[in-house]
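File shown: data.csv. Contents: CSV, C-alpha atoms.
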```csv
chain,number,residue,atom,x,y,z
I,1398,MET,CA,-73.0,26.8,-81.6
I,1399,THR,CA,-75.7,29.4,-82.4
I,1400,THR,CA,-78.4,30.5,-80.0
I,1401,ASP,CA,-81.6,32.5,-80.3
I,1402,LYS,CA,-80.8,34.5,-77.2
I,1403,SER,CA,-78.7,37.7,-77.4
I,1404,PHE,CA,-75.7,38.1,-75.2
I,1405,ALA,CA,-77.5,40.8,-73.1
I,1406,GLN,CA,-80.6,38.5,-72.6
I,1407,PHE,CA,-78.3,35.6,-71.5
I,1408,ILE,CA,-76.5,37.7,-68.9
I,1409,ALA,CA,-79.8,39.2,-67.6
I,1410,GLU,CA,-81.5,35.8,-67.4
I,1411,ARG,CA,-78.5,34.2,-65.6
I,1412,ARG,CA,-78.3,37.1,-63.1
I,1413,GLU,CA,-82.0,36.8,-62.4
I,1414,ALA,CA,-81.7,33.0,-62.0
I,1415,LEU,CA,-79.1,33.7,-59.3
I,1416,GLY,CA,-81.6,36.0,-57.6
I,1417,LEU,CA,-79.4,39.1,-58.1
I,1418,ASN,CA,-80.2,42.6,-59.2
I,1419,GLN,CA,-77.8,44.6,-61.4
I,1420,LEU,CA,-76.1,46.3,-58.4
I,1421,ALA,CA,-75.6,43.0,-56.6
I,1422,LEU,CA,-74.1,41.5,-59.7
I,1423,ALA,CA,-71.8,44.6,-60.2
I,1424,LYS,CA,-70.5,44.2,-56.7
I,1425,ARG,CA,-70.1,40.5,-57.0
I,1426,CYS,CA,-68.1,40.9,-60.3
I,1427,ASN,CA,-66.2,44.0,-59.0
I,1428,LEU,CA,-67.6,46.0,-61.9
I,1429,THR,CA,-69.5,49.2,-62.0
I,1430,LEU,CA,-73.3,49.3,-62.2
I,1431,ASP,CA,-72.9,51.3,-65.4
I,1432,GLU,CA,-70.8,48.4,-67.0
I,1433,ILE,CA,-73.5,45.9,-66.0
I,1434,GLU,CA,-76.3,48.1,-67.4
I,1435,GLN,CA,-74.4,48.5,-70.7
I,1436,ILE,CA,-73.9,44.8,-71.0
I,1437,GLU,CA,-77.5,44.0,-70.3
I,1438,SER,CA,-78.9,46.7,-72.6
I,1439,GLY,CA,-76.8,45.4,-75.5
I,1440,VAL,CA,-74.6,48.5,-75.7
I,1441,GLU,CA,-71.4,46.7,-74.8
I,1442,LEU,CA,-71.0,43.8,-77.2
I,1443,PHE,CA,-67.2,43.2,-77.2
I,1444,LEU,CA,-65.9,42.6,-73.7
I,1445,PRO,CA,-62.3,42.9,-72.7
I,1446,THR,CA,-60.9,39.6,-71.3
I,1447,THR,CA,-60.8,41.0,-67.7
I,1448,ILE,CA,-64.4,42.0,-67.7
I,1449,ARG,CA,-65.5,38.7,-69.3
I,1450,GLN,CA,-63.6,36.8,-66.6
I,1451,LYS,CA,-65.1,38.8,-63.8
I,1452,LEU,CA,-68.6,38.4,-65.3
I,1453,ALA,CA,-68.1,34.6,-65.6
I,1454,LYS,CA,-66.9,34.3,-62.0
I,1455,GLY,CA,-69.8,36.5,-60.7
I,1456,LEU,CA,-72.4,34.5,-62.7
I,1457,LYS,CA,-70.8,31.2,-61.7
I,1458,LEU,CA,-70.1,30.3,-65.3
I,1459,GLU,CA,-67.2,29.0,-67.4
I,1460,LEU,CA,-65.8,31.5,-69.9
I,1461,SER,CA,-66.9,29.2,-72.7
I,1462,GLU,CA,-70.5,29.6,-71.6
I,1463,ILE,CA,-70.3,33.4,-72.0
I,1464,GLN,CA,-68.2,33.3,-75.2
I,1465,LYS,CA,-70.8,31.3,-77.1
I,1466,TYR,CA,-73.2,34.3,-76.8
I,1467,GLU,CA,-70.8,37.0,-77.7
I,1468,ILE,CA,-71.0,38.3,-81.3
I,1469,LYS,CA,-68.3,36.9,-83.4
I,1470,GLU,CA,-67.4,39.2,-86.2
I,1471,GLU,CA,-64.9,38.6,-88.9
I,1472,PHE,CA,-62.5,41.5,-88.6
I,1473,LYS,CA,-61.3,43.0,-91.8
I,1474,THR,CA,-57.7,44.3,-91.9
I,1475,VAL,CA,-57.5,48.1,-92.3
I,1476,LYS,CA,-54.6,49.4,-94.4
I,1477,ASP,CA,-52.0,51.5,-92.6
I,1478,ASN,CA,-52.6,54.5,-94.7
I,1479,ILE,CA,-56.2,54.6,-93.6
I,1480,ILE,CA,-55.2,54.4,-90.0
I,1481,GLU,CA,-52.6,57.1,-90.4
I,1482,ASP,CA,-55.3,59.3,-92.0
I,1483,ILE,CA,-57.7,58.8,-89.1
I,1484,LYS,CA,-54.9,59.6,-86.6
I,1485,GLU,CA,-54.1,62.8,-88.4
I,1486,ARG,CA,-57.7,63.8,-88.6
I,1487,ILE,CA,-58.0,63.2,-84.8
I,1488,LEU,CA,-54.9,65.4,-84.2
I,1489,ASN,CA,-56.5,68.1,-86.3
I,1490,GLY,CA,-59.5,68.2,-84.1
I,1491,GLU,CA,-62.1,66.2,-86.0
I,1492,LYS,CA,-64.6,64.5,-83.7
I,1493,GLU,CA,-67.1,62.9,-86.0
I,1494,LEU,CA,-65.3,60.1,-87.7
I,1495,LYS,CA,-66.6,56.8,-89.1
I,1496,CYS,CA,-65.2,53.4,-88.5
I,1497,PRO,CA,-63.3,52.1,-91.6
I,1498,VAL,CA,-64.6,48.6,-90.9
I,1499,CYS,CA,-68.4,49.1,-90.3
I,1500,SER,CA,-69.0,52.8,-90.9
I,1501,GLU,CA,-70.4,53.4,-87.4
I,1502,PRO,CA,-69.2,56.4,-85.3
I,1503,LEU,CA,-65.8,56.3,-83.7
I,1504,ILE,CA,-65.2,57.5,-80.2
I,1505,VAL,CA,-62.0,59.6,-80.4
I,1506,ARG,CA,-59.6,61.3,-78.0
I,1507,ILE,CA,-56.0,62.5,-77.8
I,1508,ALA,CA,-53.9,61.0,-75.0
I,1509,LYS,CA,-51.3,63.4,-73.7
I,1510,MET,CA,-48.1,61.7,-72.6
I,1511,TYR,CA,-44.6,62.8,-71.8
I,1512,ASP,CA,-41.3,61.2,-73.0
I,1513,LEU,CA,-38.2,60.7,-70.9
I,1514,GLU,CA,-37.1,64.3,-71.5
I,1515,ASP,CA,-40.5,65.7,-70.4
I,1516,ASN,CA,-41.6,66.5,-74.0
I,1517,LEU,CA,-45.3,66.4,-74.5
I,1518,MET,CA,-46.4,63.7,-76.9
I,1519,LEU,CA,-49.9,63.5,-78.4
I,1520,HIS,CA,-51.3,60.1,-79.2
I,1521,PRO,CA,-54.6,59.9,-81.2
I,1522,LYS,CA,-56.9,57.1,-80.0
I,1523,ALA,CA,-60.1,55.8,-81.4
I,1524,ARG,CA,-62.6,52.9,-80.9
I,1525,CYS,CA,-65.7,51.9,-82.8
I,1526,THR,CA,-69.1,52.0,-81.1
I,1527,LYS,CA,-70.1,48.8,-82.7
I,1528,CYS,CA,-67.2,46.6,-83.8
I,1529,PRO,CA,-63.8,45.7,-82.3
I,1530,PHE,CA,-61.9,48.3,-84.4
I,1531,GLN,CA,-59.6,50.5,-82.4
I,1532,ILE,CA,-56.5,52.7,-82.7
I,1533,LYS,CA,-54.4,52.5,-79.5
I,1534,TYR,CA,-51.5,54.7,-80.5
```
Structure encoded using structure tokens:
Amino acid sequence: MTTDKSFAQFIAERREALGLNQLALAKRCNLTLDEIEQIESGVELFLPTTIRQKLAKGLKLELSEIQKYEIKEEFKTVKDNIIEDIKERILNGEKELKCPVCSEPLIVRIAKMYDLEDNLMLHPKARCTKCPFQIKY
């Protein structure tokens, strides 16, 4: 099913129909005001399942009603060697990397973790600002 409304418009209209402001919706959904603002401004397009569930409950909707407005994007498979290259570049300190799927900027960071023997382990992480691409570890 396709609609003329964007996901952000749908959420904002539903919130207003319930007589809620953004802060009230955030409290009702147990989300931050910033998360609600990002969703309604169209910045956040790919919601994790937990946020989608909280939003549906707070807006008194079924999950399927929210899902039909979310952007569905065919996700291309990225070859392992490309992912390994991105990981290495993150570990080498590069900050301005592009997504291999959609060429939009990646948000990158290095997670510092310790193994069972207290040895520091560095894990490069990245996520796209526009599509679902991510490198978890």
### Query
Neighbours of segment 1504-1514 of chain I within 7 Å (only C-alpha atoms; same-chain residues fewer than 2 positions away dropped), as a PyMOL selection string?
chain I and resi 1487+1492+1502+1516-1526
### Task
Would you mind reading off the distance between atom CA of Val1440 of chain I and atom CA of Asp1477 of chain I, one decimal, in Å?
28.4 Å
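Rounded to one decimal, atom CA of Ile1433 of chain I and atom CA of Gln1419 of chain I lie 6.4 Å from each other.
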### Message
Please determine, counting all atoms listed in the file, which residue among I:Leu1430, I:Leu1444, I:Ala1414, I:Ile1479 has the shortest atom-to-atom distance to Glu1467 of chain I.
### Response
I:Leu1444
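Using only C-alpha atoms, the shortest contact distance between Arg1412 of chain I and any of I:Leu1458, I:Leu1494, I:Ile1480, I:Ile1532 is found at I:Leu1458.
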### Query
Do you have the atom CA of Cys1496 of chain I-atom CA of Gln1450 of chain I distance handy?
27.5 Å
### Task
May I ask which of the residues I:Asn1489, I:Val1475, I:Gly1455, I:Ser1461 is the closest one to Leu1417 of chain I, counting all atoms listed in the file?
I:Gly1455
### Message
Just checking: using all atoms listed in the file, which residue out of I:Ala1405, I:Leu1488, I:Glu1413, I:Pro1529 ends up closest to Glu1432 of chain I?
### Response
I:Ala1405
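Look at everything within 8 Å of (-75.5, 39.3, -75.5) using only C-alpha atoms, and the residues you get are Lys1402, Ser1403, Phe1404, Ala1405, Gln1406, Phe1407, Ile1408, Ile1436, Glu1437, Gly1439, Leu1442, Tyr1466, Glu1467 and Ile1468 of chain I.
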### Task
Give the answer as one residue: which of I:Thr1446, I:Leu1503, I:Lys1454, I:Ser1438 has the shortest atom-to-atom distance to Cys1426 of chain I, using all atoms listed in the file?
I:Lys1454
